[in-house]
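Peer 1: What follows is the file data38.txt, containing compact mmCIF, N, CA and C atoms:
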```
# COMPACT_ATOMS: atom_id res chain seq x y z
N MET A 1 0.85 -1.19 0.00
CA MET A 1 0.00 0.00 0.00
C MET A 1 0.89 1.23 0.00
N GLY A 2 0.48 2.23 -0.68
CA GLY A 2 1.31 3.40 -0.87
C GLY A 2 1.06 4.54 0.08
N GLY A 3 0.75 4.40 1.29
CA GLY A 3 0.53 5.52 2.21
C GLY A 3 -0.86 5.44 2.82
N GLN A 4 -0.99 6.11 3.93
CA GLN A 4 -2.27 6.08 4.62
C GLN A 4 -3.18 7.19 4.14
N VAL A 5 -4.43 6.90 4.07
CA VAL A 5 -5.43 7.89 3.73
C VAL A 5 -6.30 8.09 4.96
N SER A 6 -6.38 9.32 5.40
CA SER A 6 -7.17 9.61 6.59
C SER A 6 -8.53 10.15 6.19
N ALA A 7 -9.56 9.68 6.88
CA ALA A 7 -10.90 10.18 6.63
C ALA A 7 -11.17 11.44 7.45
N LEU A 8 -10.21 11.84 8.31
CA LEU A 8 -10.39 13.01 9.16
C LEU A 8 -9.85 14.26 8.49
N PRO A 9 -10.47 15.40 8.73
CA PRO A 9 -9.93 16.65 8.19
C PRO A 9 -8.52 16.88 8.74
N ARG A 10 -7.66 17.52 7.94
CA ARG A 10 -6.26 17.74 8.33
C ARG A 10 -6.11 18.49 9.63
N ASP A 11 -6.95 19.49 9.89
CA ASP A 11 -6.77 20.33 11.07
C ASP A 11 -7.49 19.80 12.31
N LEU A 12 -8.14 18.65 12.21
CA LEU A 12 -8.86 18.12 13.35
C LEU A 12 -7.93 17.84 14.52
N GLY A 13 -6.78 17.24 14.24
CA GLY A 13 -5.84 16.91 15.31
C GLY A 13 -5.40 18.12 16.09
N SER A 14 -5.07 19.20 15.41
CA SER A 14 -4.62 20.40 16.12
C SER A 14 -5.76 21.02 16.92
N GLY A 15 -6.98 20.96 16.40
CA GLY A 15 -8.13 21.49 17.13
C GLY A 15 -8.43 20.70 18.39
N VAL A 16 -8.37 19.38 18.29
CA VAL A 16 -8.59 18.52 19.45
C VAL A 16 -7.50 18.77 20.48
N GLY A 17 -6.25 18.86 20.01
CA GLY A 17 -5.14 19.13 20.92
C GLY A 17 -5.30 20.44 21.65
N ARG A 18 -5.76 21.47 20.95
CA ARG A 18 -5.96 22.78 21.57
C ARG A 18 -7.05 22.72 22.62
N ILE A 19 -8.16 22.05 22.31
CA ILE A 19 -9.27 21.94 23.27
C ILE A 19 -8.83 21.17 24.51
N LEU A 20 -8.18 20.02 24.31
CA LEU A 20 -7.71 19.24 25.45
C LEU A 20 -6.65 20.00 26.24
N GLY A 21 -5.73 20.63 25.52
CA GLY A 21 -4.68 21.38 26.19
C GLY A 21 -5.23 22.51 27.03
N ASP A 22 -6.22 23.22 26.50
CA ASP A 22 -6.82 24.33 27.24
C ASP A 22 -7.51 23.82 28.51
N THR A 23 -8.10 22.65 28.44
CA THR A 23 -8.82 22.10 29.59
C THR A 23 -7.89 21.74 30.74
N TYR A 24 -6.75 21.16 30.43
CA TYR A 24 -5.87 20.63 31.47
C TYR A 24 -4.55 21.40 31.61
N ARG A 25 -4.31 22.39 30.77
CA ARG A 25 -3.02 23.07 30.69
C ARG A 25 -2.51 23.62 32.03
N ARG A 26 -3.34 24.33 32.76
CA ARG A 26 -2.89 24.98 34.00
C ARG A 26 -2.33 23.96 34.98
N ARG A 27 -3.05 22.86 35.17
CA ARG A 27 -2.58 21.83 36.11
C ARG A 27 -1.31 21.17 35.62
N LEU A 28 -1.25 20.87 34.32
CA LEU A 28 -0.06 20.22 33.77
C LEU A 28 1.16 21.14 33.85
N GLU A 29 0.98 22.41 33.49
CA GLU A 29 2.11 23.34 33.54
C GLU A 29 2.64 23.49 34.96
N ALA A 30 1.75 23.63 35.93
CA ALA A 30 2.18 23.78 37.32
C ALA A 30 2.96 22.56 37.78
N SER A 31 2.50 21.39 37.41
CA SER A 31 3.20 20.16 37.80
C SER A 31 4.54 20.04 37.10
N LEU A 32 4.60 20.39 35.82
CA LEU A 32 5.86 20.35 35.09
C LEU A 32 6.86 21.37 35.66
N ARG A 33 6.37 22.55 35.99
CA ARG A 33 7.26 23.57 36.57
C ARG A 33 7.87 23.11 37.89
N SER A 34 7.15 22.28 38.62
CA SER A 34 7.68 21.82 39.91
C SER A 34 8.98 21.05 39.74
N PHE A 35 9.21 20.48 38.56
CA PHE A 35 10.46 19.76 38.31
C PHE A 35 11.62 20.71 38.06
N THR A 36 11.32 21.98 37.83
CA THR A 36 12.39 22.94 37.57
C THR A 36 12.70 23.79 38.79
N THR A 37 12.05 23.48 39.90
CA THR A 37 12.30 24.20 41.15
C THR A 37 12.47 23.22 42.31
N ILE A 38 13.18 22.14 42.07
CA ILE A 38 13.36 21.11 43.08
C ILE A 38 14.17 21.66 44.24
N ASP A 39 13.57 21.74 45.41
CA ASP A 39 14.22 22.26 46.62
C ASP A 39 14.89 23.61 46.39
N GLY A 40 14.36 24.39 45.47
CA GLY A 40 14.93 25.70 45.18
C GLY A 40 16.29 25.65 44.51
N SER A 41 16.77 24.45 44.18
CA SER A 41 18.09 24.36 43.57
C SER A 41 18.03 24.74 42.11
N HIS A 42 19.15 25.15 41.61
CA HIS A 42 19.24 25.51 40.21
C HIS A 42 20.53 24.90 39.65
N THR A 43 20.65 23.60 39.81
CA THR A 43 21.82 22.88 39.33
C THR A 43 21.84 22.87 37.81
N PRO A 44 22.97 22.54 37.20
CA PRO A 44 23.01 22.47 35.73
C PRO A 44 21.95 21.53 35.15
N LEU A 45 21.70 20.41 35.80
CA LEU A 45 20.68 19.48 35.29
C LEU A 45 19.29 20.10 35.35
N VAL A 46 18.96 20.76 36.46
CA VAL A 46 17.65 21.40 36.60
C VAL A 46 17.52 22.51 35.57
N ARG A 47 18.59 23.27 35.34
CA ARG A 47 18.55 24.34 34.33
C ARG A 47 18.34 23.76 32.94
N MET A 48 18.99 22.63 32.65
CA MET A 48 18.83 22.01 31.34
C MET A 48 17.38 21.55 31.14
N VAL A 49 16.80 20.94 32.17
CA VAL A 49 15.41 20.50 32.09
C VAL A 49 14.49 21.70 31.89
N ALA A 50 14.69 22.76 32.66
CA ALA A 50 13.85 23.96 32.54
C ALA A 50 13.97 24.56 31.15
N TYR A 51 15.19 24.57 30.60
CA TYR A 51 15.38 25.11 29.24
C TYR A 51 14.70 24.22 28.21
N HIS A 52 14.95 22.92 28.30
CA HIS A 52 14.37 22.01 27.31
C HIS A 52 12.84 22.02 27.35
N LEU A 53 12.28 22.14 28.54
CA LEU A 53 10.82 22.20 28.65
C LEU A 53 10.27 23.54 28.19
N GLY A 54 11.14 24.53 28.02
CA GLY A 54 10.70 25.84 27.54
C GLY A 54 10.32 26.81 28.63
N PHE A 55 10.70 26.52 29.88
CA PHE A 55 10.37 27.41 30.99
C PHE A 55 11.43 28.48 31.21
N GLU A 56 12.61 28.31 30.59
CA GLU A 56 13.69 29.29 30.72
C GLU A 56 14.34 29.50 29.36
N ASP A 57 14.92 30.69 29.19
CA ASP A 57 15.72 30.91 27.99
C ASP A 57 17.14 30.42 28.26
N LYS A 58 18.03 30.57 27.29
CA LYS A 58 19.37 30.01 27.44
C LYS A 58 20.20 30.72 28.51
N LYS A 59 19.76 31.91 28.95
CA LYS A 59 20.46 32.62 30.03
C LYS A 59 19.88 32.30 31.40
N GLY A 60 18.83 31.49 31.43
CA GLY A 60 18.22 31.11 32.69
C GLY A 60 17.06 31.99 33.13
N ALA A 61 16.65 32.95 32.30
CA ALA A 61 15.51 33.80 32.63
C ALA A 61 14.22 33.01 32.45
N ARG A 62 13.32 33.12 33.43
CA ARG A 62 12.05 32.40 33.37
C ARG A 62 11.18 32.92 32.23
N LEU A 63 10.54 32.01 31.52
CA LEU A 63 9.61 32.35 30.46
C LEU A 63 8.19 32.12 30.96
N ALA A 64 7.24 32.81 30.37
CA ALA A 64 5.87 32.83 30.88
C ALA A 64 5.13 31.50 30.81
N ALA A 65 5.12 30.86 29.66
CA ALA A 65 4.24 29.71 29.50
C ALA A 65 4.94 28.56 28.79
N TYR A 66 4.46 27.38 29.05
CA TYR A 66 4.99 26.19 28.40
C TYR A 66 4.60 26.22 26.93
N PRO A 67 5.58 26.12 26.04
CA PRO A 67 5.26 26.25 24.62
C PRO A 67 4.67 24.99 23.99
N GLY A 68 4.76 23.86 24.66
CA GLY A 68 4.28 22.61 24.08
C GLY A 68 2.77 22.50 24.03
N LYS A 69 2.28 21.59 23.20
CA LYS A 69 0.84 21.39 23.05
C LYS A 69 0.24 20.60 24.21
N LEU A 70 1.05 19.77 24.85
CA LEU A 70 0.60 18.93 25.97
C LEU A 70 -0.50 17.96 25.53
N LEU A 71 -0.45 17.53 24.28
CA LEU A 71 -1.49 16.64 23.75
C LEU A 71 -1.49 15.29 24.46
N ARG A 72 -0.34 14.66 24.60
CA ARG A 72 -0.28 13.31 25.20
C ARG A 72 -0.79 13.30 26.64
N PRO A 73 -0.28 14.19 27.52
CA PRO A 73 -0.79 14.15 28.89
C PRO A 73 -2.23 14.62 29.00
N SER A 74 -2.64 15.55 28.13
CA SER A 74 -4.05 16.00 28.16
C SER A 74 -4.98 14.87 27.75
N LEU A 75 -4.56 14.10 26.76
CA LEU A 75 -5.36 12.96 26.31
C LEU A 75 -5.47 11.92 27.43
N LEU A 76 -4.37 11.68 28.13
CA LEU A 76 -4.40 10.75 29.26
C LEU A 76 -5.41 11.23 30.32
N LEU A 77 -5.36 12.51 30.69
CA LEU A 77 -6.29 13.05 31.70
C LEU A 77 -7.73 13.00 31.21
N PHE A 78 -7.94 13.31 29.94
CA PHE A 78 -9.28 13.27 29.36
C PHE A 78 -9.86 11.86 29.42
N ILE A 79 -9.10 10.88 29.00
CA ILE A 79 -9.58 9.49 29.02
C ILE A 79 -9.86 9.03 30.44
N TYR A 80 -8.98 9.39 31.36
CA TYR A 80 -9.18 9.02 32.76
C TYR A 80 -10.49 9.62 33.29
N GLU A 81 -10.74 10.89 32.92
CA GLU A 81 -11.96 11.56 33.37
C GLU A 81 -13.20 10.94 32.72
N VAL A 82 -13.13 10.63 31.43
CA VAL A 82 -14.26 10.03 30.72
C VAL A 82 -14.62 8.67 31.33
N LEU A 83 -13.60 7.96 31.81
CA LEU A 83 -13.84 6.66 32.41
C LEU A 83 -14.29 6.75 33.87
N GLY A 84 -14.50 7.99 34.36
CA GLY A 84 -15.07 8.18 35.68
C GLY A 84 -14.09 8.56 36.77
N GLY A 85 -12.83 8.74 36.44
CA GLY A 85 -11.85 9.11 37.45
C GLY A 85 -11.70 10.62 37.57
N GLU A 86 -11.08 11.04 38.66
CA GLU A 86 -10.75 12.45 38.85
C GLU A 86 -9.42 12.72 38.18
N PRO A 87 -9.35 13.68 37.28
CA PRO A 87 -8.10 13.96 36.56
C PRO A 87 -6.91 14.19 37.48
N GLU A 88 -7.15 14.79 38.62
CA GLU A 88 -6.07 15.07 39.58
C GLU A 88 -5.34 13.78 39.99
N ALA A 89 -6.07 12.68 40.08
CA ALA A 89 -5.46 11.40 40.47
C ALA A 89 -4.52 10.88 39.39
N ALA A 90 -4.76 11.23 38.14
CA ALA A 90 -3.93 10.77 37.03
C ALA A 90 -2.83 11.77 36.66
N LEU A 91 -2.79 12.90 37.36
CA LEU A 91 -1.82 13.94 37.03
C LEU A 91 -0.37 13.44 37.08
N PRO A 92 0.05 12.68 38.08
CA PRO A 92 1.44 12.18 38.07
C PRO A 92 1.76 11.35 36.82
N ALA A 93 0.84 10.52 36.38
CA ALA A 93 1.07 9.72 35.17
C ALA A 93 1.14 10.62 33.94
N ALA A 94 0.29 11.64 33.88
CA ALA A 94 0.28 12.56 32.74
C ALA A 94 1.60 13.34 32.66
N VAL A 95 2.08 13.80 33.81
CA VAL A 95 3.35 14.53 33.84
C VAL A 95 4.49 13.60 33.45
N ALA A 96 4.47 12.38 33.96
CA ALA A 96 5.51 11.40 33.59
C ALA A 96 5.51 11.16 32.08
N LEU A 97 4.35 11.07 31.49
CA LEU A 97 4.24 10.87 30.05
C LEU A 97 4.88 12.04 29.29
N GLU A 98 4.61 13.27 29.71
CA GLU A 98 5.19 14.44 29.05
C GLU A 98 6.71 14.48 29.25
N LEU A 99 7.18 14.11 30.44
CA LEU A 99 8.62 14.11 30.68
C LEU A 99 9.33 13.05 29.84
N VAL A 100 8.72 11.88 29.69
CA VAL A 100 9.31 10.84 28.84
C VAL A 100 9.33 11.32 27.39
N HIS A 101 8.25 11.93 26.95
CA HIS A 101 8.20 12.45 25.58
C HIS A 101 9.28 13.52 25.39
N SER A 102 9.40 14.42 26.34
CA SER A 102 10.41 15.47 26.25
C SER A 102 11.82 14.88 26.24
N PHE A 103 12.04 13.86 27.07
CA PHE A 103 13.34 13.18 27.06
C PHE A 103 13.62 12.57 25.70
N SER A 104 12.60 11.96 25.09
CA SER A 104 12.81 11.33 23.79
C SER A 104 13.21 12.37 22.74
N LEU A 105 12.67 13.58 22.85
CA LEU A 105 13.05 14.65 21.92
C LEU A 105 14.50 15.08 22.15
N ALA A 106 14.88 15.22 23.43
CA ALA A 106 16.27 15.59 23.75
C ALA A 106 17.23 14.50 23.27
N HIS A 107 16.85 13.25 23.49
CA HIS A 107 17.69 12.13 23.05
C HIS A 107 17.82 12.15 21.53
N ASP A 108 16.74 12.41 20.83
CA ASP A 108 16.76 12.50 19.38
C ASP A 108 17.71 13.61 18.92
N ASP A 109 17.67 14.75 19.61
CA ASP A 109 18.57 15.85 19.27
C ASP A 109 20.03 15.43 19.42
N ILE A 110 20.32 14.69 20.47
CA ILE A 110 21.69 14.23 20.70
C ILE A 110 22.10 13.23 19.62
N GLN A 111 21.25 12.26 19.38
CA GLN A 111 21.57 11.23 18.38
C GLN A 111 21.77 11.81 16.99
N ASP A 112 20.93 12.77 16.63
CA ASP A 112 21.01 13.36 15.29
C ASP A 112 21.96 14.55 15.22
N ARG A 113 22.52 14.90 16.37
CA ARG A 113 23.40 16.08 16.47
C ARG A 113 22.70 17.35 15.98
N ASP A 114 21.42 17.44 16.30
CA ASP A 114 20.65 18.63 15.92
C ASP A 114 21.09 19.81 16.77
N GLU A 115 21.12 20.97 16.14
CA GLU A 115 21.52 22.18 16.85
C GLU A 115 20.34 23.05 17.23
N GLU A 116 19.18 22.80 16.61
CA GLU A 116 17.98 23.58 16.91
C GLU A 116 16.76 22.67 16.99
N ARG A 117 15.82 23.09 17.82
CA ARG A 117 14.50 22.47 17.88
C ARG A 117 13.50 23.60 18.04
N HIS A 118 12.57 23.69 17.12
CA HIS A 118 11.55 24.75 17.11
C HIS A 118 12.17 26.14 17.20
N GLY A 119 13.25 26.36 16.46
CA GLY A 119 13.87 27.67 16.39
C GLY A 119 14.73 28.07 17.57
N ARG A 120 14.95 27.14 18.49
CA ARG A 120 15.80 27.42 19.66
C ARG A 120 16.99 26.46 19.65
N PRO A 121 18.14 26.91 20.15
CA PRO A 121 19.27 25.98 20.28
C PRO A 121 18.86 24.81 21.17
N THR A 122 19.34 23.61 20.83
CA THR A 122 19.02 22.43 21.64
C THR A 122 19.73 22.49 22.98
N ALA A 123 19.21 21.75 23.93
CA ALA A 123 19.80 21.71 25.27
C ALA A 123 21.12 20.97 25.23
```
If you took the structure in this file and wrote it as structure tokens, what would it be?
Peer 2:
Amino acid sequence: MGGQVSALPRDLGSGVGRILGDTYRRRLEASLRSFTTIDGSHTPLVRMVAYHLGFEDKKGARLAAYPGKLLRPSLLLFIYEVLGGEPEAALPAAVALELVHSFSLAHDDIQDRDEERHGRPTA
């Protein structure tokens, strides 16, 4: 077969991601930020994580909002809620999912020797 044909409109995925992200974004961002302020330390590893997640610029200045779509963790929280659970109970799993995804992107940058990701120098 020569490629997949989707019956869904092209922009449906981005619209769903935006709706889900808007619903759960505040909780996810707050939880993700907590990993960049561990015991108030600002070690090189914590700075690298904060930069890669988009919470800091390369000089260490805090940035306002998480630039990612948060589709994967939002989808996890949405499904958990649809199945009758409280999203707050699934928040640790959703954050872990986003951190693993973010790590996979950093690992990909290292493996491919990429110098930029989304217009910013790689971590």
Peer 1: To one decimal place, how far is CA of His107 (chain A) from CA of Phe78 (chain A) in Å?
Peer 2: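 Computing the Euclidean distance for CA of His107 (chain A) and CA of Phe78 (chain A) yields 27.7 Å.
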Peer 1: Could you check how far atom C of Ser102 (chain A) sits from CA of Leu53 (chain A), in Å to one decimal?
Peer 2: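 Pair atom C of Ser102 (chain A) / CA of Leu53 (chain A) returns 7.8 Å.
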Peer 1: Which is closest to Pro67 (chain A) among A:Glu86, A:Pro44, A:Glu29, A:Gln111, if we use only C-alpha atoms?
Peer 2: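 Between A:Glu86, A:Pro44, A:Glu29, A:Gln111, the residue approaching Pro67 (chain A) most closely is A:Glu29.
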Peer 1: Take atom N of Thr43 (chain A) and atom N of Asp108 (chain A) and report the distance between them in Å, one decimal.
Peer 2: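 Separating atom N of Thr43 (chain A) from atom N of Asp108 (chain A) is a distance of 22.4 Å.
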